[in-house]
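Data first, discussion second: the structure below is written as structure tokens.
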Amino acid sequence: MGVKDDATDEKKYGEAQTFEPNFKGPLHNRSCTDIICLILFILYFIGMIAVGIIAFTSGDPRRLVYPTDSNGTICGIDEIAIDKPYLVYFDLTKCSPTKLSCHTPQVCVSECPKKYWFPIPEADYLDQLNLTVDQIGEPICLDGVDPAMAGFDQEQAIQDNKCAPYVLNSTDVFNRCLPEFIFRIKPGDQFLKQLIMIISDSLESASGGVIDEEKIQSGIDFVAGFGGSALVIVEDIRSSWHIILIGIGIGCILCFLWCAIMRFIAGFMVWGSILVLNCLLGAGTALCFFEYMTIRDSETQMEEEFEFTLDINYYLRLEKTWLIGAIACGSLFVILLLLTLCLCNRIRIAIALIQEASKSVTAFYSTLFWPLFPFILEMFVIALWALITLYLATATNDEYNLNDLSVIVTNRSIENVQTIICGRAEGVRTIEVLENATDVFCTSNSTYNVSFKYLQFFNLFGFLWLLNFIIGFSHLVLAGTFATYYWTFDKKNIPRVALGGSIWRACRYHLGSIAFGAAIIAIIQFIRILLEYLEVQLKKGKENPVVKYTLKCLKCLFWCLEKFMKFINKNAYIMVAIYGKNFCKSAQKAFFLLMRNIVRVAVVNKITDFLLFLGTLMVTAAIVLIAFFFFAFGQDYAVTSFIATDVINVPSVRYYWVIIFVIAVGTFVVAKLFFGVFDMAVDTLFLCFLEDLERNDGSADRPYFMGKNLMNIVGKKNKFSKEEEW
């Protein structure tokens, strides 16, 4: 079970590394690599800038952020509505939960209505809604329609959609006026039932027909669900942003402590987990076998045939269930025990590498803060991509028309007509309709330029390429830093500017190699997105089972390919950082080195993944627990900041579990950033360790650079005294 066990079939996976007298870690004498890829990357980036210019000059994302009335006027933005930033929906019962739209006239107003109004006698609703006369307001109408005008026909104005059939006390939610009651009243409340009846009476009074109360309920449920949940959640997050930042900050401190103490607890965590898992499987085997024997010897054992059911107790009464459980647990117990015994030495190597990685990370504290730089760049790229995508999505041609085309007058000989003006600015349109036409109002229809769809795909690939470029750059910089640590024989002489030197080498020589590796991953990810897009498009028509199966296979294939290429890329960047060769040569060198030590690779990767997963889980769980107690019991206790003497007040939020979820996600992202550095340290030191074993023999001329713990595990030692130290 020596070192040679892993170095199988050397001819197939290249020759082992040979000693190089001048090799002392990351080479300083290197040249630029993969220049053509860098040129292509720069040209593509210039193309993205051009697409961005086209998007910014053609699109108008304010239409998505700010409300727009029936004429396409942007409330609070367009000149004619500059002093009217809020939008009122005439009839919320016309809102459709299925189409996510409100097919009713919409008008910009200077402020949301704070009173109620119905076109029926006040006596019919004051007592029912428990309102006073002071809470009764005025009707809301389109611009140019004055309800106070002499001879104003209120009923006709409502039928012509010039005035709202009712007005409710509203509140501003993202400049949309939504009924105030949706934030404080639950479905089935008595006030809501009375309000639905009054709205029904108002609509019947205006239209002269019978109104279905279920449709009113459906419309109100849609608005209540939209305004009372999603929009309120955003408001809760806005009022609790400082608590979210504090929670994520505490998560950063815990991640830092975890990385620092990993050298002391790695062995305990790994061997303890293996022992506990073996004990659980052994106990599970014994328990299942005992239950099997008990049921088999019992006189009341079930004789009926096996059948599928949702009743779990049915399966627990079957002796076959416990027999299968005993066989499964026993098999896993034997396999895990044999793996533990056979791979014991390699597990010790993995633990030693993790401990060494902890030392290297604490030797360069700056590496723990390095991920913040690529993270900020990634956020910038995501924001830029989202902005360009948004502008391209809103680069539409607006066409204004009426909701009912049958009332439009095309015959010029008809005299009894009325004129309706739709649209705004250059898109304004004057439409003549029959004079007796009712329930008619303007609508807008946006047509999307097909060429912009291709620009969206161009922008998407550029986003993927840029994002993977930043990730690759971060990997290469960290690899150069940790390789410098390993290949420094006397760890007391570690250069303190190793991170800066690695950044310089990456920027000066290897941006092309980073672009090469990033392009490979981006192409695979782009194909995966295209497959998802194709699957969605095919679902709109009749599904073909063969095509559906083929797509599933392709999606699985490219998922596996992406995982494999990310693994290759990561190790290729390590070799680029050490030797300064181009991407392809570095990828080949790393791949052959790993294949010559494939068992060690599997053990080290899985144990590292396990410890980092455990760390991420524990840090996130700890922060979630703290946040829960803060929101659940913080009102009863004064929470004092450890930074200042001010008391942190618990914000009043409706859905505190959403805030906890946001804190959990933020902490998880931070933990992944911190532990990503640790993972890179382990991978870099592992490749250096494998090269160290192949290059050196422990003599005075060819000493091992690994730590004493690793040398003891693999049975190696340097064969010279301190006085003869290399």
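By convention in this document, the chains of the structure tokens carry letters A, B, ... by their order, each chain's residues are numbered from 1, and ligands are numbered from 1 in the order they are shown.
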Write out as a PyMOL selection string the residues lying within 9 Å of Gly282 of chain A, counting only C-alpha atoms and excluding same-chain residues fewer than 3 positions away.
chain A and resi 277-279+285-287+329-330+333-334
Would you list, as an NGL selection string, the residues of segment 281-366 of chain A that end up in helix (DSSP H, G or I) under DSSP run on this structure's backbone?
:A and (281-297 or 312-316 or 319-342 or 344-363 or 366)
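When only C-alpha atoms are used to compute distances to Ala622 of chain A, the closest of the residues A:Cys584, A:Leu478, A:Ile660, A:Val546 turns out to be A:Ile660.
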Please determine, counting only C-alpha atoms, which residue among A:Ala150, A:Ile354, A:Ile574, A:Ile663 has the shortest atom-to-atom distance to Leu612 of chain A.
A:Ile354
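Between atom CA of Lys566 of chain A and atom CA of Val603 of chain A there is a distance of 18.4 Å.
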Pick out the residues sitting within 7 Å of segment 453-467 of chain A, and hand them over as a VMD selection string; count only C-alpha atoms, and ignore anything fewer than 4 positions along from it in its own chain.
chain A and resid 48 51 378 381 385 389 471 518 to 519 522 526
Mind dumping the selected residues with all heavy atoms as an mmCIF file, in the first residue's frame?
```cif
data_model
loop_
_atom_site.group_PDB
_atom_site.id
_atom_site.type_symbol
_atom_site.label_atom_id
_atom_site.label_comp_id
_atom_site.auth_asym_id
_atom_site.auth_seq_id
_atom_site.Cartn_x
_atom_site.Cartn_y
_atom_site.Cartn_z
ATOM 1 N N MET A 48 -19.887 43.592 -26.664
ATOM 2 C CA MET A 48 -20.876 43.743 -25.596
ATOM 3 C C MET A 48 -21.141 45.220 -25.303
ATOM 4 O O MET A 48 -22.283 45.618 -25.025
ATOM 5 C CB MET A 48 -20.402 43.039 -24.325
ATOM 6 C CG MET A 48 -20.537 41.536 -24.344
ATOM 7 S SD MET A 48 -20.241 40.825 -22.713
ATOM 8 C CE MET A 48 -21.641 41.445 -21.788
ATOM 9 N N VAL A 51 -23.450 46.393 -27.954
ATOM 10 C CA VAL A 51 -24.816 45.930 -27.670
ATOM 11 C C VAL A 51 -25.437 46.766 -26.554
ATOM 12 O O VAL A 51 -26.621 47.124 -26.601
ATOM 13 C CB VAL A 51 -24.802 44.433 -27.283
ATOM 14 C CG1 VAL A 51 -26.172 43.997 -26.774
ATOM 15 C CG2 VAL A 51 -24.403 43.584 -28.473
ATOM 16 N N GLU A 378 -17.905 40.287 -9.919
ATOM 17 C CA GLU A 378 -19.002 39.433 -10.367
ATOM 18 C C GLU A 378 -20.342 40.148 -10.220
ATOM 19 O O GLU A 378 -21.199 40.067 -11.110
ATOM 20 C CB GLU A 378 -19.005 38.127 -9.571
ATOM 21 C CG GLU A 378 -17.854 37.189 -9.914
ATOM 22 C CD GLU A 378 -17.786 36.005 -8.979
ATOM 23 O OE1 GLU A 378 -18.730 35.823 -8.180
ATOM 24 O OE2 GLU A 378 -16.785 35.265 -9.025
ATOM 25 N N VAL A 381 -20.618 42.625 -13.017
ATOM 26 C CA VAL A 381 -20.929 41.967 -14.292
ATOM 27 C C VAL A 381 -22.390 41.536 -14.331
ATOM 28 O O VAL A 381 -23.082 41.713 -15.345
ATOM 29 C CB VAL A 381 -19.993 40.753 -14.513
ATOM 30 C CG1 VAL A 381 -20.468 39.908 -15.684
ATOM 31 C CG2 VAL A 381 -18.572 41.223 -14.756
ATOM 32 N N TRP A 385 -25.050 42.953 -16.978
ATOM 33 C CA TRP A 385 -25.805 42.042 -17.848
ATOM 34 C C TRP A 385 -27.313 42.239 -17.652
ATOM 35 O O TRP A 385 -28.067 42.306 -18.627
ATOM 36 C CB TRP A 385 -25.422 40.605 -17.538
ATOM 37 C CG TRP A 385 -26.361 39.610 -18.137
ATOM 38 C CD1 TRP A 385 -26.430 39.210 -19.440
ATOM 39 C CD2 TRP A 385 -27.408 38.900 -17.455
ATOM 40 N NE1 TRP A 385 -27.448 38.297 -19.608
ATOM 41 C CE2 TRP A 385 -28.061 38.090 -18.413
ATOM 42 C CE3 TRP A 385 -27.840 38.871 -16.136
ATOM 43 C CZ2 TRP A 385 -29.124 37.267 -18.066
ATOM 44 C CZ3 TRP A 385 -28.905 38.052 -15.797
ATOM 45 C CH2 TRP A 385 -29.528 37.262 -16.760
ATOM 46 N N THR A 389 -29.874 43.489 -20.460
ATOM 47 C CA THR A 389 -31.009 42.611 -20.746
ATOM 48 C C THR A 389 -32.333 43.349 -20.565
ATOM 49 O O THR A 389 -33.262 43.206 -21.371
ATOM 50 C CB THR A 389 -30.969 41.378 -19.823
ATOM 51 O OG1 THR A 389 -29.738 40.667 -20.034
ATOM 52 C CG2 THR A 389 -32.135 40.447 -20.103
ATOM 53 N N ILE A 471 -13.848 34.209 -12.236
ATOM 54 C CA ILE A 471 -13.626 33.031 -11.387
ATOM 55 C C ILE A 471 -12.259 32.425 -11.667
ATOM 56 O O ILE A 471 -11.504 32.075 -10.748
ATOM 57 C CB ILE A 471 -14.737 31.995 -11.614
ATOM 58 C CG1 ILE A 471 -16.088 32.552 -11.147
ATOM 59 C CG2 ILE A 471 -14.428 30.688 -10.893
ATOM 60 C CD1 ILE A 471 -17.274 31.682 -11.516
ATOM 61 N N ALA A 518 -12.110 30.036 -19.452
ATOM 62 C CA ALA A 518 -13.445 30.596 -19.224
ATOM 63 C C ALA A 518 -14.346 30.388 -20.432
ATOM 64 O O ALA A 518 -15.550 30.143 -20.290
ATOM 65 C CB ALA A 518 -13.332 32.083 -18.895
ATOM 66 N N ALA A 519 -13.774 30.484 -21.643
ATOM 67 C CA ALA A 519 -14.573 30.296 -22.866
ATOM 68 C C ALA A 519 -15.119 28.873 -22.944
ATOM 69 O O ALA A 519 -16.271 28.664 -23.365
ATOM 70 C CB ALA A 519 -13.721 30.602 -24.092
ATOM 71 N N ALA A 522 -17.982 28.651 -20.533
ATOM 72 C CA ALA A 522 -19.088 29.494 -21.011
ATOM 73 C C ALA A 522 -19.828 28.825 -22.164
ATOM 74 O O ALA A 522 -21.065 28.890 -22.238
ATOM 75 C CB ALA A 522 -18.553 30.860 -21.441
ATOM 76 N N PHE A 526 -23.668 27.843 -22.022
ATOM 77 C CA PHE A 526 -24.553 28.443 -23.020
ATOM 78 C C PHE A 526 -25.372 27.357 -23.726
ATOM 79 O O PHE A 526 -26.575 27.530 -23.962
ATOM 80 C CB PHE A 526 -23.725 29.224 -24.041
ATOM 81 C CG PHE A 526 -24.543 30.017 -25.014
ATOM 82 C CD1 PHE A 526 -25.220 31.148 -24.607
ATOM 83 C CD2 PHE A 526 -24.645 29.625 -26.340
ATOM 84 C CE1 PHE A 526 -25.980 31.886 -25.502
ATOM 85 C CE2 PHE A 526 -25.401 30.351 -27.245
ATOM 86 C CZ PHE A 526 -26.075 31.487 -26.821
#
```
Find, counting only C-alpha atoms, the residue in A:Leu332, A:Leu92, A:Ile659, A:Ile388 that gets nearest to Thr57 of chain A.
A:Ile388
What lies within 9 Å of Phe489 of chain A using only C-alpha atoms, ignoring chain neighbours under 2 positions off, as a ChimeraX atom specification?
/A:24,485-487,491-494,703-706,726
Choose the residue, out of A:Val604, A:Ala328, A:Ala664, A:Leu377, that has the smallest atom-to-atom separation from Leu353 of chain A; count only C-alpha atoms.
A:Val604
Neighbours of Ser502 of chain A within 10 Å (only C-alpha atoms; same-chain residues fewer than 4 positions away dropped), as a list in words?
Pro26, Leu476, Val477, Leu478, Ala479, Gly480, Thr481, Phe482, Ala483, Thr484, Val497, Ala498, Ala506, Cys507, Arg508, Ala577 and Ile578 of chain A
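Using only C-alpha atoms, the nearest neighbour of Phe256 of chain A within the list A:Val669, A:Ile82, A:Leu316, A:Val361 is A:Val361.
Running DSSP on the backbone gives strand (DSSP E) for these residues within segment 22-102 of chain A: Tyr86, Leu87, Val88, Tyr89, Cys95, Ser96, Ser101 and Cys102 of chain A.
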For the selection just defined, write its residues with all heavy atoms to a file, as a compact mmCIF listing (two decimals), in the first residue's frame.
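Output saved as again-v2.txt:
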```
# COMPACT_ATOMS: atom_id res chain seq x y z
N TYR A 86 -48.37 58.41 -9.03
CA TYR A 86 -49.06 57.20 -8.56
C TYR A 86 -50.11 56.75 -9.58
O TYR A 86 -50.62 57.55 -10.37
CB TYR A 86 -49.73 57.45 -7.21
CG TYR A 86 -48.77 57.96 -6.17
CD1 TYR A 86 -48.78 59.30 -5.77
CD2 TYR A 86 -47.83 57.12 -5.59
CE1 TYR A 86 -47.89 59.78 -4.83
CE2 TYR A 86 -46.92 57.58 -4.65
CZ TYR A 86 -46.95 58.92 -4.27
OH TYR A 86 -46.06 59.39 -3.35
N LEU A 87 -50.39 55.45 -9.55
CA LEU A 87 -51.34 54.86 -10.50
C LEU A 87 -52.53 54.26 -9.76
O LEU A 87 -52.36 53.54 -8.77
CB LEU A 87 -50.66 53.76 -11.33
CG LEU A 87 -51.52 53.13 -12.41
CD1 LEU A 87 -51.65 54.09 -13.59
CD2 LEU A 87 -50.91 51.81 -12.90
N VAL A 88 -53.73 54.58 -10.25
CA VAL A 88 -54.97 54.04 -9.68
C VAL A 88 -55.63 53.14 -10.72
O VAL A 88 -55.74 53.51 -11.89
CB VAL A 88 -55.93 55.17 -9.27
CG1 VAL A 88 -57.31 54.61 -8.94
CG2 VAL A 88 -55.39 55.91 -8.07
N TYR A 89 -56.04 51.95 -10.27
CA TYR A 89 -56.80 51.02 -11.11
C TYR A 89 -58.29 51.29 -10.89
O TYR A 89 -58.77 51.30 -9.75
CB TYR A 89 -56.48 49.58 -10.75
CG TYR A 89 -55.03 49.21 -10.90
CD1 TYR A 89 -54.15 49.36 -9.83
CD2 TYR A 89 -54.53 48.71 -12.10
CE1 TYR A 89 -52.81 49.03 -9.96
CE2 TYR A 89 -53.19 48.38 -12.24
CZ TYR A 89 -52.34 48.54 -11.16
OH TYR A 89 -51.01 48.22 -11.30
N CYS A 95 -58.92 42.42 -12.43
CA CYS A 95 -57.56 41.85 -12.39
C CYS A 95 -57.65 40.33 -12.49
O CYS A 95 -58.49 39.70 -11.84
CB CYS A 95 -56.84 42.25 -11.11
SG CYS A 95 -56.53 44.03 -10.99
N SER A 96 -56.77 39.76 -13.30
CA SER A 96 -56.82 38.32 -13.58
C SER A 96 -55.64 37.60 -12.94
O SER A 96 -54.48 37.90 -13.24
CB SER A 96 -56.79 38.08 -15.10
OG SER A 96 -56.62 36.71 -15.39
N SER A 101 -52.62 40.37 -14.94
CA SER A 101 -52.86 41.69 -15.51
C SER A 101 -54.20 42.20 -15.00
O SER A 101 -55.03 41.45 -14.48
CB SER A 101 -52.87 41.64 -17.04
OG SER A 101 -53.91 40.80 -17.51
N CYS A 102 -54.40 43.53 -15.15
CA CYS A 102 -55.65 44.17 -14.75
C CYS A 102 -56.25 44.84 -15.98
O CYS A 102 -55.76 45.90 -16.41
CB CYS A 102 -55.41 45.19 -13.64
SG CYS A 102 -54.94 44.44 -12.06
```
